[in-house]
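Below is one structure; the comments refer to it alone.
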Amino acid sequence: MTVTPTTAATGAPRAGHRTSRRSITLRPGTWLVWTALAFFFVNLLGVLGSVVLNSFGTTWFKGWLPHDYTLSAYQQAWTEFNLGQVMWVTVEVTFLVVVLSLALAVPASYALARRDFPGKRAVLVLFVLPILVPPIAYGIPLATVLYKFHLAGTLTGVVIANLVPSIPFVVFTMTPFIEQIDPQLEAAARMCGASTRAVFFRILAPLLLPGMLAAGILVTVRTFGMFELTFLTSGPDSQTLIVSLFSAAFSAGIRTPQSIDAMAVIYTASMTVLLLIALRFVNPTQLVARSTD
């Protein structure tokens with residue numbers, strides 16, 4: 001019996017259609033997962049959208065949208081909360097924490113990757129504790145010590161407090177990068193007469209630059225969004241943006257909701273830009289794979 005082209009042509013789509021219908025009916029969990037994700041993102045967009053609209057709106061008592069739009073809330077927030085100084089303090093704290101974390105953690109990462117010494121496991125446990133333990137758990141004793149030495153309430157105290165979780169974070173980010181570098185490259189450079197400084201700056205530094213860039217970006221995002229340690233150790237002139245936002249929302253006094261929402265939009269937009277930059281240069285899956293090898 002011969003099969004005509006018409007039968008073959010019409011039979012294949014029916015089989016494929018039957019297979020797709022079977023896969024859909026046999027996977028009800030897929031529909032539940034996608035429904036839950038859609039419900040979550042719809043609520044998230046609703047919350048963010050209401051804050052953004054309220055920051056631009058004048059009055060919003062009836063209907064789905066404000067009656068009129070203006071930028072006066074942003075101007076009011078900029079002058080009332082002194083956002084110029086707050087943004088500068090945030091950038092200054094973030095920059096200092098990133099630079100000091102890289103300067104202190106990269107040599108420590110090299111020692112952990114290249115050397116075996118007594119108590120190495122204990123050192124690794126000490127490094128991992130500030131990452132695993134919630135910041136508020138050690139933030140209060142740390143703030144007490146900083147207040148005792150008159151460092152709390154200053155920019156120096158905020159930087160020191162943020163270094164406590166940032167340095168271990170850089171160590172665990174950089175150690176896998178250093179372990180992937182062949183030690184024979186350093187040995188060959190030393191055999192050719194290169195000094196320790198030349199080996200570091202001419203051999204290791206170019207190879208470590210991608211890891212340092214990734215660690216620096218991740219520390220930037222972490223420091224920019226760190227609330228607990230900064231809140232416990234900052235003063236009136238050393239508050240970052242997230243602490244200033246919390247103070248504006250919950251401190252005593254009458255403040256317009258539009259100005260607080262405008263401040264929240266500025267923080268969310270800044271954090272979103274940092275996260276996009278981090279995802280542009282850092283692949284989280286590769287970072288986890290390197291750390292677990």
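Ordering of the structure tokens sets the chain letters (A, B, ...), residue numbers begin anew at 1 in every chain, and ligands are numbered from 1 in the order given.
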Within 12 Å of A:Ser247 using only C-alpha atoms, minus same-chain residues under 4 positions, as an MDAnalysis selection string: chainID A and resid 81 227 231 234:236 239:243 251:253 255 260 263:264
Residues of stretch 110-284 of chain A in helix (DSSP H, G or I), written as a ChimeraX atom specification: /A:110-114,120-132,135-148,155-179,183-191,196-224,228-233,241-250,257-281,284
Got time to write the residues from that selection, C-alpha atoms, as a tab-separated table (two decimals), in the first residue's frame?
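The file below, selection-v5.tsv, is the result:
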chain	number	residue	atom	x	y	z
A	110	TYR	CA	46.63	34.79	47.19
A	111	ALA	CA	47.86	33.41	50.51
A	112	LEU	CA	44.81	31.15	50.87
A	113	ALA	CA	45.13	29.91	47.28
A	114	ARG	CA	48.88	29.31	47.22
A	120	LYS	CA	43.90	27.53	57.42
A	121	ARG	CA	40.47	25.95	57.89
A	122	ALA	CA	39.85	28.11	60.95
A	123	VAL	CA	40.74	31.22	58.94
A	124	LEU	CA	38.32	30.16	56.21
A	125	VAL	CA	35.57	29.68	58.82
A	126	LEU	CA	36.25	33.17	60.19
A	127	PHE	CA	36.02	34.61	56.70
A	128	VAL	CA	32.74	32.89	55.91
A	129	LEU	CA	30.98	33.91	59.14
A	130	PRO	CA	30.30	37.57	58.16
A	131	ILE	CA	28.75	36.31	54.92
A	132	LEU	CA	26.48	33.69	56.47
A	135	PRO	CA	24.61	41.74	59.60
A	136	ILE	CA	22.40	42.79	62.50
A	137	ALA	CA	23.80	39.90	64.60
A	138	TYR	CA	27.33	41.30	64.64
A	139	GLY	CA	26.41	44.88	63.74
A	140	ILE	CA	25.32	45.84	67.26
A	141	PRO	CA	28.57	44.66	68.98
A	142	LEU	CA	30.58	46.23	66.15
A	143	ALA	CA	28.75	49.52	66.58
A	144	THR	CA	29.39	49.38	70.33
A	145	VAL	CA	33.12	49.02	69.74
A	146	LEU	CA	33.14	51.85	67.20
A	147	TYR	CA	31.25	54.13	69.60
A	148	LYS	CA	33.77	53.29	72.31
A	155	LEU	CA	32.54	58.38	57.61
A	156	THR	CA	35.46	56.30	58.87
A	157	GLY	CA	33.20	54.24	61.10
A	158	VAL	CA	30.76	53.56	58.26
A	159	VAL	CA	33.61	52.41	56.00
A	160	ILE	CA	35.08	50.15	58.70
A	161	ALA	CA	31.69	48.58	59.39
A	162	ASN	CA	31.08	47.85	55.70
A	163	LEU	CA	34.56	46.34	55.34
A	164	VAL	CA	33.66	43.53	57.74
A	165	PRO	CA	31.44	41.64	55.25
A	166	SER	CA	33.07	43.05	52.10
A	167	ILE	CA	36.59	41.71	52.65
A	168	PRO	CA	35.45	38.06	53.13
A	169	PHE	CA	33.18	38.47	50.10
A	170	VAL	CA	36.13	39.54	47.95
A	171	VAL	CA	38.27	36.72	49.39
A	172	PHE	CA	35.78	34.04	48.40
A	173	THR	CA	35.36	35.66	45.00
A	174	MET	CA	39.06	36.04	44.22
A	175	THR	CA	40.41	32.78	45.63
A	176	PRO	CA	38.99	30.61	42.77
A	177	PHE	CA	40.41	33.04	40.19
A	178	ILE	CA	43.88	32.77	41.73
A	179	GLU	CA	43.67	28.97	41.96
A	183	PRO	CA	51.87	28.52	39.51
A	184	GLN	CA	54.46	27.57	36.89
A	185	LEU	CA	53.98	30.99	35.30
A	186	GLU	CA	55.25	32.62	38.47
A	187	ALA	CA	58.07	30.11	38.80
A	188	ALA	CA	59.15	30.73	35.21
A	189	ALA	CA	59.14	34.50	35.77
A	190	ARG	CA	61.26	34.13	38.91
A	191	MET	CA	63.72	31.90	37.07
A	196	THR	CA	58.20	39.68	43.49
A	197	ARG	CA	56.84	43.09	42.54
A	198	ALA	CA	57.39	42.42	38.84
A	199	VAL	CA	55.70	39.03	39.10
A	200	PHE	CA	52.67	40.56	40.74
A	201	PHE	CA	52.22	43.59	38.48
A	202	ARG	CA	53.31	42.04	35.16
A	203	ILE	CA	52.14	38.43	35.51
A	204	LEU	CA	49.39	38.18	38.11
A	205	ALA	CA	47.69	41.57	37.84
A	206	PRO	CA	46.60	41.22	34.19
A	207	LEU	CA	45.27	37.73	34.90
A	208	LEU	CA	43.50	38.83	38.08
A	209	LEU	CA	41.92	41.91	36.54
A	210	PRO	CA	38.65	40.16	35.46
A	211	GLY	CA	38.20	38.71	38.94
A	212	MET	CA	38.98	42.02	40.62
A	213	LEU	CA	36.49	43.76	38.34
A	214	ALA	CA	33.80	41.20	39.18
A	215	ALA	CA	34.51	41.43	42.92
A	216	GLY	CA	34.56	45.23	42.82
A	217	ILE	CA	31.20	45.45	41.07
A	218	LEU	CA	29.61	42.97	43.48
A	219	VAL	CA	30.98	44.83	46.50
A	220	THR	CA	29.66	48.08	45.01
A	221	VAL	CA	26.15	46.64	44.80
A	222	ARG	CA	26.42	45.12	48.27
A	223	THR	CA	27.70	48.32	49.92
A	224	PHE	CA	25.18	50.54	48.13
A	228	GLU	CA	21.94	47.42	58.89
A	229	LEU	CA	25.64	48.19	59.39
A	230	THR	CA	25.39	51.68	57.93
A	231	PHE	CA	22.31	52.50	60.01
A	232	LEU	CA	24.00	51.39	63.24
A	233	THR	CA	27.25	53.29	62.65
A	241	LEU	CA	20.97	56.90	50.52
A	242	ILE	CA	19.18	53.85	51.93
A	243	VAL	CA	19.60	55.04	55.54
A	244	SER	CA	18.43	58.53	54.62
A	245	LEU	CA	15.38	57.01	52.93
A	246	PHE	CA	14.56	55.02	56.08
A	247	SER	CA	14.98	58.11	58.25
A	248	ALA	CA	12.74	60.16	55.98
A	249	ALA	CA	10.01	57.55	56.06
A	250	PHE	CA	9.98	56.72	59.79
A	257	PRO	CA	4.37	61.03	50.65
A	258	GLN	CA	5.29	62.26	47.16
A	259	SER	CA	8.75	63.42	48.29
A	260	ILE	CA	9.44	60.13	50.08
A	261	ASP	CA	8.30	58.19	47.01
A	262	ALA	CA	10.55	60.37	44.85
A	263	MET	CA	13.47	59.48	47.08
A	264	ALA	CA	12.54	55.80	46.85
A	265	VAL	CA	12.42	56.04	43.04
A	266	ILE	CA	15.91	57.58	43.01
A	267	TYR	CA	17.26	54.76	45.18
A	268	THR	CA	15.52	52.04	43.14
A	269	ALA	CA	16.76	53.51	39.87
A	270	SER	CA	20.34	53.75	41.16
A	271	MET	CA	20.23	50.18	42.47
A	272	THR	CA	18.78	48.93	39.17
A	273	VAL	CA	21.60	50.56	37.19
A	274	LEU	CA	24.20	48.95	39.47
A	275	LEU	CA	22.56	45.54	39.13
A	276	LEU	CA	22.45	45.82	35.34
A	277	ILE	CA	26.14	46.75	35.30
A	278	ALA	CA	26.90	43.82	37.61
A	279	LEU	CA	25.01	41.37	35.40
A	280	ARG	CA	26.76	42.80	32.35
A	281	PHE	CA	30.23	42.00	33.67
A	284	PRO	CA	26.45	34.53	38.71
Spatial neighbours of A:Phe56, 8 Å, only C-alpha atoms, chain gap at least 6 places, as a ChimeraX atom specification: /A:69-73,258,262
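Between atom CA of A:Thr79 and atom CA of A:Thr256 the separation is 13.2 Å.
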Coordinates-based distance that separates atom CA of A:Thr94 from atom CA of A:Asp237 (Å, one decimal): 15.3 Å
Gap from atom CA of A:Ser109 to atom CA of A:Thr154 - Å, one decimal: 29.3 Å
